[in-house]
Amino acid sequence: MPEIALGQLAEKLGARLLRGNPERRVGRLAGLMEAESGDLSFLANPAYQKFLAVTRAGAALVGPAISADASPAALLQVDNPDLAFAQAALLISPPPPPPPPGIHPAAVVSGQASLGRDVAIGAGAVVEDGAAIGDRTILFPQTYVGAGARLGEDCLLYPGVKIYHGVSVGSRCIFHAGAVVGSDGFGYAWTGKGYFKIPQVGTVAIEDEVEIGANACVDRARFGETRIGRGTKLDNLVQIAHNVKLGPCCAFAAQVGVAGSASIGAGVQMGGQAAAAGHINLGDGLTILGKSAASKSIPGREAGMGAEKLVWFGIPAKPMPEYLDEMRNLKALGRLRRMMKTLEARIRELENK
Amino acid sequence: MPEIALGQLAEKLGARLLRGNPERRVGRLAGLMEAESGDLSFLANPAYQKFLAVTRAGAALVGPAISADASPAALLQVDNPDLAFAQAALLISPPPPPPPPGIHPAAVVSGQASLGRDVAIGAGAVVEDGAAIGDRTILFPQTYVGAGARLGEDCLLYPGVKIYHGVSVGSRCIFHAGAVVGSDGFGYAWTGKGYFKIPQVGTVAIEDEVEIGANACVDRARFGETRIGRGTKLDNLVQIAHNVKLGPCCAFAAQVGVAGSASIGAGVQMGGQAAAAGHINLGDGLTILGKSAASKSIPGREAGMGAEKLVWFGIPAKPMPEYLDEMRNLKALGRLRRMMKTLEARIRELENK
Amino acid sequence: MPEIALGQLAEKLGARLLRGNPERRVGRLAGLMEAESGDLSFLANPAYQKFLAVTRAGAALVGPAISADASPAALLQVDNPDLAFAQAALLISPPPPPPPPGIHPAAVVSGQASLGRDVAIGAGAVVEDGAAIGDRTILFPQTYVGAGARLGEDCLLYPGVKIYHGVSVGSRCIFHAGAVVGSDGFGYAWTGKGYFKIPQVGTVAIEDEVEIGANACVDRARFGETRIGRGTKLDNLVQIAHNVKLGPCCAFAAQVGVAGSASIGAGVQMGGQAAAAGHINLGDGLTILGKSAASKSIPGREAGMGAEKLVWFGIPAKPMPEYLDEMRNLKALGRLRRMMKTLEARIRELENK
């Protein structure tokens, strides 16, 4: 990995070299406790500040509140250490070069597909009739782009990604291995004797800069479309059902499930294994904590909800303060039962007077 | 998409044209609130009846209880609007034509495999020795059918489906992208020093008309078989462990998990992310609501259970009325604590008299 | 399947033939209630002992506590019937022979990859530059081994497994269909306007004898490594996030999720759909029951915790005795409310005296 001098790094990141020699070089990224003298580390979470004083890192990115004597390491001060560390990573540990443009001889690309400039298509990839692939988009080996599907520019499809027919994807999207977009929604009409499959004749629209995790699934709509908003990020094994609408800049951790026709606002966060019921609305800026189930519509920032109304937890989910109240009451319950017994005895005594 | 006249549509669906011109044509499917004048919509859920009065749809399918003046749209009356709309979808928005019969030159089909008539096998698909593929079954690209596996007629395997060796599949089954059938059950014997893998020498039997969602998994049995009953539908990312038996016409929403050797009756429904513990029996007609965990055997319709005993919720799951009782009690708890304090004060006063 | 005489079977398993003719042959494995006269069965779970008396099995493996008159079947006594039955399975129902060594002409193996002896690489598999595959390792069709990834000896990658670039895998590991190892961790820095992707420049290290289930996902580290300890077993659809460390001999059932940077000790078990929060430590020997969420660090055997402190349940998880207390209190709540009313009436009566 390329080494970089702290002075040069500070310049590229717009950082202030709070402490340390600008000629010193770092060439690896590491956490504060694992870092060695040639490494760059960072402090974003205040809970880890104690590690800053004892780190063996060569240098660390820190926020505005940190003073020069807080660490033996060289310190680069920035507004957002998390972001600066991510930018530094691109300089110090650039990802492996993507497959070079070109179509591998073992790829199968329809003559009816349209390819932009500098597209890379790996071995075993299949691109069907009428599909359109934007400039510089990379299909790793064993990916599938169905008939009439459209991918924008600079997308990255890791091995084994499956995009069904007719799906539309914006630019700069990333799909991890095994992700599936455009499978049929789960819909059946009961005939009295069995399930009649409801044709899922809609599609999926994925806006720009969406990232979808490994083996995650996004179903096509019954009619109309399932939509994932610009800049939204879905972790591995997430399920987005048919006709769901996700707003921009949502972030859903692994194994989240969103049921059919739910409509989710902007900037909504869901923790791991959380769920949203079908046909509900979740407002802007809500956080549904891990393991929770949003079972009904919840208004968010767009309705003027304050911070204490934006974080929900439980099955079904309730606002955090309400949940904490309930937990306190529950904890008091054993004491309450004992107290009840005492009161009963005191009453009996009074009665027997 | 092909347009169709309402008169003709009524005839095909066995509908009564309650209101509107039989010559009028519709050519797209849409929800009541999204529909335009050229669209067909429908009302199945009474909660949406208010939308019927204001829809801009050209026509709507409605149930028996709706009167002709309920909507500005043309109305086609049927017994089951959900089913009729699904049937209409096949007329108006037929799915894209399946890949034509034939073996793609980039498919790898064993000379020891047996193929029925009009089978389609896409690029990169692999069919191993001794596998048998029934008439008109379609293997999309990149699918895998292991040694000795048998697929019936008219099955549809979307890209990337993996069927392990020896698995048996009925007719008219659908597998979505990335679904895996026949992977080893999760079984180990503890030797005192580590886990010894228990060979999973059984198989999986999938009956007719089963649909399995994207990236869902069905494990092979330790011995004997894992079985999925006729007409059962599994959504994306569902996990069916080894030796599980599912009855006919079950419907499990996304991310459901059924642990090893559980035995599930007919027509059981499980909501998203619900679970059933291993080695339990779930009776016919039960509904385990989303997020819940059926932790013990539960009798169903076959044991004469009434409707109020068929719907279960919670972790561990309890019958819905019991759960609601518990919630009511929990809600009263804060009040109970305050009341207790008041009573204590009143007793103290009596004692001090 | 090959038949084997009970005398020979006893010798191979180190069993004592408690009852029955050593010449008798068995040739199939089955549960006690499904077995026929030519089958071998076993009793490991005492709950099933009643079935031993009525089984039609030809023979059964039993533990030390069983007497010769407990069953009409021939009985082979061993210390660990579960383990012995697994060993017997390898004799009686050996798994289908693996693909023979060699590179299928439809595989795409980089000239820059290094292959050990007797490696088998199936059709459609892709091995990238700089990858190293150990002796006798088997890549089923449609698998992917990224640039610079290293697999040890005797590994088994079922169809569709995706190993990203740079990942390191030990020997004797098994990956089921669709498993993904090395996808990017879920990490973004908020810029005020959107999410900036944090490069995930670390890797994944998988030690020897690990088994990973179908469609399970293990993310690469942000920096450093995600590590799965020797002999650990992960079931289908499990999610292991970036920078997680799993100790040796853990066993996680299907759909478990472990969030980023969690550190898990040796021999930890997690039930289906359980979760561990990010950045926590779980000590040795803990059991997190199914559906539960370990939300904070929990000490285990290494800290001297006794059995009653090792099993946790609930959301958030608590030690089992604490959970059971809470449930008892909750159950008493309805009674408590009624009792409160009675006390109030008695006090009123005293006050009115």
# chains A, B, ... in the order shown; residues from 1 in each chain; ligands from 1
>>> interface_residues(of="chain C", to="chain B", cutoff="7 Å", atoms="only C-alpha atoms", output="PDB file with N, CA, C and O atoms, in the first residue's frame")
ATOM      1  N   LEU C  29     -30.413 -45.562   7.069  1.00  0.00           N
ATOM      2  CA  LEU C  29     -30.530 -44.841   8.331  1.00  0.00           C
ATOM      3  C   LEU C  29     -31.946 -44.307   8.464  1.00  0.00           C
ATOM      4  O   LEU C  29     -32.517 -43.832   7.483  1.00  0.00           O
ATOM      5  N   ALA C  30     -32.500 -44.354   9.663  1.00  0.00           N
ATOM      6  CA  ALA C  30     -33.846 -43.816   9.836  1.00  0.00           C
ATOM      7  C   ALA C  30     -34.088 -43.498  11.298  1.00  0.00           C
ATOM      8  O   ALA C  30     -33.430 -44.036  12.193  1.00  0.00           O
ATOM      9  N   ASP C  82     -25.115 -40.084  19.283  1.00  0.00           N
ATOM     10  CA  ASP C  82     -25.215 -39.056  18.257  1.00  0.00           C
ATOM     11  C   ASP C  82     -23.989 -39.115  17.339  1.00  0.00           C
ATOM     12  O   ASP C  82     -24.108 -39.164  16.106  1.00  0.00           O
ATOM     13  N   LEU C  83     -22.833 -39.156  17.957  1.00  0.00           N
ATOM     14  CA  LEU C  83     -21.579 -39.220  17.216  1.00  0.00           C
ATOM     15  C   LEU C  83     -21.452 -40.547  16.467  1.00  0.00           C
ATOM     16  O   LEU C  83     -21.086 -40.585  15.287  1.00  0.00           O
ATOM     17  N   ALA C  86     -23.513 -40.635  13.419  1.00  0.00           N
ATOM     18  CA  ALA C  86     -22.899 -39.845  12.349  1.00  0.00           C
ATOM     19  C   ALA C  86     -21.779 -40.638  11.680  1.00  0.00           C
ATOM     20  O   ALA C  86     -21.649 -40.637  10.446  1.00  0.00           O
ATOM     21  N   ALA C  89     -23.232 -43.260   9.529  1.00  0.00           N
ATOM     22  CA  ALA C  89     -23.780 -42.712   8.281  1.00  0.00           C
ATOM     23  C   ALA C  89     -22.721 -42.691   7.189  1.00  0.00           C
ATOM     24  O   ALA C  89     -23.010 -42.950   6.014  1.00  0.00           O
ATOM     25  N   LEU C  90     -21.497 -42.399   7.580  1.00  0.00           N
ATOM     26  CA  LEU C  90     -20.419 -42.354   6.590  1.00  0.00           C
ATOM     27  C   LEU C  90     -20.135 -43.740   6.009  1.00  0.00           C
ATOM     28  O   LEU C  90     -19.680 -43.869   4.869  1.00  0.00           O
ATOM     29  N   SER C  93     -24.243 -44.705   4.313  1.00  0.00           N
ATOM     30  CA  SER C  93     -24.746 -43.799   3.269  1.00  0.00           C
ATOM     31  C   SER C  93     -23.690 -42.777   2.918  1.00  0.00           C
ATOM     32  O   SER C  93     -23.848 -41.593   3.179  1.00  0.00           O
ATOM     33  N   PRO C  95     -21.656 -39.942   1.269  1.00  0.00           N
ATOM     34  CA  PRO C  95     -22.116 -38.874   0.380  1.00  0.00           C
ATOM     35  C   PRO C  95     -21.719 -39.190  -1.058  1.00  0.00           C
ATOM     36  O   PRO C  95     -20.826 -40.008  -1.294  1.00  0.00           O
ATOM     37  N   GLY C 124     -18.088 -23.289 -15.238  1.00  0.00           N
ATOM     38  CA  GLY C 124     -18.555 -21.947 -14.909  1.00  0.00           C
ATOM     39  C   GLY C 124     -17.891 -21.336 -13.696  1.00  0.00           C
ATOM     40  O   GLY C 124     -18.166 -20.191 -13.351  1.00  0.00           O
ATOM     41  N   PRO C 159     -22.028 -25.080  -5.298  1.00  0.00           N
ATOM     42  CA  PRO C 159     -22.292 -24.180  -6.426  1.00  0.00           C
ATOM     43  C   PRO C 159     -22.661 -22.764  -5.999  1.00  0.00           C
ATOM     44  O   PRO C 159     -23.461 -22.556  -5.093  1.00  0.00           O
ATOM     45  N   HIS C 176     -21.617 -23.658   1.757  1.00  0.00           N
ATOM     46  CA  HIS C 176     -22.785 -24.092   1.006  1.00  0.00           C
ATOM     47  C   HIS C 176     -23.214 -23.069  -0.042  1.00  0.00           C
ATOM     48  O   HIS C 176     -22.790 -21.913  -0.012  1.00  0.00           O
ATOM     49  N   ALA C 177     -24.057 -23.546  -0.926  1.00  0.00           N
ATOM     50  CA  ALA C 177     -24.423 -22.773  -2.118  1.00  0.00           C
ATOM     51  C   ALA C 177     -24.823 -21.339  -1.765  1.00  0.00           C
ATOM     52  O   ALA C 177     -25.599 -21.089  -0.853  1.00  0.00           O
ATOM     53  N   GLY C 178     -24.284 -20.426  -2.520  1.00  0.00           N
ATOM     54  CA  GLY C 178     -24.688 -19.033  -2.381  1.00  0.00           C
ATOM     55  C   GLY C 178     -24.030 -18.280  -1.238  1.00  0.00           C
ATOM     56  O   GLY C 178     -24.261 -17.077  -1.091  1.00  0.00           O
ATOM     57  N   ALA C 214     -25.790 -22.087   3.470  1.00  0.00           N
ATOM     58  CA  ALA C 214     -26.254 -21.540   2.195  1.00  0.00           C
ATOM     59  C   ALA C 214     -26.672 -20.079   2.367  1.00  0.00           C
ATOM     60  O   ALA C 214     -27.335 -19.708   3.330  1.00  0.00           O
ATOM     61  N   ASN C 215     -26.259 -19.257   1.421  1.00  0.00           N
ATOM     62  CA  ASN C 215     -26.635 -17.842   1.375  1.00  0.00           C
ATOM     63  C   ASN C 215     -26.270 -17.073   2.644  1.00  0.00           C
ATOM     64  O   ASN C 215     -26.836 -16.009   2.899  1.00  0.00           O
ATOM     65  N   GLY C 231     -13.182 -24.485  13.513  1.00  0.00           N
ATOM     66  CA  GLY C 231     -14.253 -25.409  13.882  1.00  0.00           C
ATOM     67  C   GLY C 231     -15.595 -24.757  14.132  1.00  0.00           C
ATOM     68  O   GLY C 231     -16.535 -25.413  14.573  1.00  0.00           O
ATOM     69  N   ASP C 235     -24.925 -21.561  10.221  1.00  0.00           N
ATOM     70  CA  ASP C 235     -26.030 -22.120   9.447  1.00  0.00           C
ATOM     71  C   ASP C 235     -26.415 -21.165   8.300  1.00  0.00           C
ATOM     72  O   ASP C 235     -25.835 -20.086   8.143  1.00  0.00           O
ATOM     73  N   CYS C 249     -15.092 -23.150  17.590  1.00  0.00           N
ATOM     74  CA  CYS C 249     -16.204 -24.032  17.981  1.00  0.00           C
ATOM     75  C   CYS C 249     -17.464 -23.303  18.410  1.00  0.00           C
ATOM     76  O   CYS C 249     -18.153 -23.739  19.335  1.00  0.00           O
ATOM     77  N   LEU C 333     -49.845 -10.499  36.962  1.00  0.00           N
ATOM     78  CA  LEU C 333     -50.271  -9.106  36.898  1.00  0.00           C
ATOM     79  C   LEU C 333     -51.786  -8.949  36.930  1.00  0.00           C
ATOM     80  O   LEU C 333     -52.326  -8.069  37.608  1.00  0.00           O
ATOM     81  N   GLY C 334     -52.503  -9.809  36.228  1.00  0.00           N
ATOM     82  CA  GLY C 334     -53.954  -9.726  36.203  1.00  0.00           C
ATOM     83  C   GLY C 334     -54.496  -9.920  37.610  1.00  0.00           C
ATOM     84  O   GLY C 334     -55.362  -9.159  38.076  1.00  0.00           O
ATOM     85  N   GLU C 344     -58.575  -2.007  48.020  1.00  0.00           N
ATOM     86  CA  GLU C 344     -59.112  -0.645  48.025  1.00  0.00           C
ATOM     87  C   GLU C 344     -60.490  -0.638  48.694  1.00  0.00           C
ATOM     88  O   GLU C 344     -60.801   0.239  49.512  1.00  0.00           O
ATOM     89  N   ILE C 347     -60.138  -1.052  52.432  1.00  0.00           N
ATOM     90  CA  ILE C 347     -59.675   0.182  53.069  1.00  0.00           C
ATOM     91  C   ILE C 347     -60.830   1.171  53.186  1.00  0.00           C
ATOM     92  O   ILE C 347     -61.043   1.797  54.229  1.00  0.00           O
ATOM     93  N   GLU C 351     -62.217   2.975  56.448  1.00  0.00           N
ATOM     94  CA  GLU C 351     -62.282   4.432  56.562  1.00  0.00           C
ATOM     95  C   GLU C 351     -63.690   4.893  56.960  1.00  0.00           C
ATOM     96  O   GLU C 351     -63.865   5.884  57.662  1.00  0.00           O
TER      97      GLU C 351
END
>>> select_by_dssp(residues="range 137-338 of chain A", states="strand (DSSP E)", output="VMD selection string")
chain A and resid 138 to 139 144 to 145 150 to 151 156 to 157 162 to 163 168 to 169 174 to 175 180 to 183 188 to 190 195 to 197 203 to 206 211 to 212 217 to 219 225 to 228 233 to 234 239 to 240 245 to 246 251 to 252 257 to 258 263 to 264 269 to 270 275 to 276 281 to 282 287 to 288 293 to 294 311 to 313 318 to 319
>>> residues_around(residues="Asn80 in chain C", least_positions_apart="5", cutoff="8 Å", atoms="only C-alpha atoms", output="compact mmCIF listing (two decimals) with C-alpha atoms, in the first residue's frame")
# COMPACT_ATOMS: atom_id res chain seq x y z
CA ALA C 44 -29.66 -39.81 21.66
CA VAL C 62 -27.92 -46.48 22.27
CA GLY C 63 -26.07 -44.90 25.18
>>> atom_distance(atom1="CA of Gly271 in chain B", atom2="CA of Asp284 in chain B")
15.7 Å
>>> residues_around(residues="range 149-154 of chain A", least_positions_apart="3", cutoff="8 Å", atoms="only C-alpha atoms", output="PyMOL selection string")
chain A and resi 130-138+145-146+163-173
>>> write_last_selection(atoms="C-alpha atoms", output="PDB file, in the first residue's frame")
ATOM      1  CA  GLY A 130     -32.736  -5.149 -24.787  1.00  0.00           C
ATOM      2  CA  ALA A 131     -30.666  -4.610 -21.646  1.00  0.00           C
ATOM      3  CA  ALA A 132     -28.722  -1.350 -21.488  1.00  0.00           C
ATOM      4  CA  ILE A 133     -25.481  -0.944 -19.530  1.00  0.00           C
ATOM      5  CA  GLY A 134     -24.143   2.565 -18.874  1.00  0.00           C
ATOM      6  CA  ASP A 135     -20.570   3.809 -19.325  1.00  0.00           C
ATOM      7  CA  ARG A 136     -17.888   2.302 -17.112  1.00  0.00           C
ATOM      8  CA  THR A 137     -20.303  -0.025 -15.361  1.00  0.00           C
ATOM      9  CA  ILE A 138     -18.631  -3.244 -14.230  1.00  0.00           C
ATOM     10  CA  VAL A 145     -28.910  -8.615 -16.337  1.00  0.00           C
ATOM     11  CA  GLY A 146     -32.367  -9.548 -17.604  1.00  0.00           C
ATOM     12  CA  ILE A 163     -31.075  -8.196 -12.015  1.00  0.00           C
ATOM     13  CA  TYR A 164     -34.414  -9.382 -13.399  1.00  0.00           C
ATOM     14  CA  HIS A 165     -35.978  -8.191 -16.660  1.00  0.00           C
ATOM     15  CA  GLY A 166     -37.158  -4.611 -16.917  1.00  0.00           C
ATOM     16  CA  VAL A 167     -35.525  -3.336 -13.707  1.00  0.00           C
ATOM     17  CA  SER A 168     -34.105   0.177 -13.867  1.00  0.00           C
ATOM     18  CA  VAL A 169     -30.955   1.169 -11.953  1.00  0.00           C
ATOM     19  CA  GLY A 170     -29.390   4.631 -11.682  1.00  0.00           C
ATOM     20  CA  SER A 171     -25.710   5.547 -11.718  1.00  0.00           C
ATOM     21  CA  ARG A 172     -22.928   4.812  -9.221  1.00  0.00           C
ATOM     22  CA  CYS A 173     -24.876   1.961  -7.607  1.00  0.00           C
TER      23      CYS A 173
END
>>> residues_around(residues="Lys309 in chain B", least_positions_apart="3", cutoff="12 Å", atoms="only C-alpha atoms", output="ChimeraX atom specification")
/B:283-288,298-301,303-306,312-313,317-323
>>> atom_distance(atom1="CA of Tyr48 in chain A", atom2="CA of Gln269 in chain C")
28.8 Å
>>> closest_residue(among="C:Ala221, C:Leu324, C:Cys250, C:Leu61", to="Ala84 in chain C", atoms="only C-alpha atoms")
C:Leu61
>>> residues_around(residues="Lys233 in chain B", least_positions_apart="6", cutoff="8 Å", atoms="only C-alpha atoms", output="list of chain:residue names")
B:Val210, B:Glu211, B:Ile212, B:Cys249, B:Cys250, B:Ala251, B:Phe252
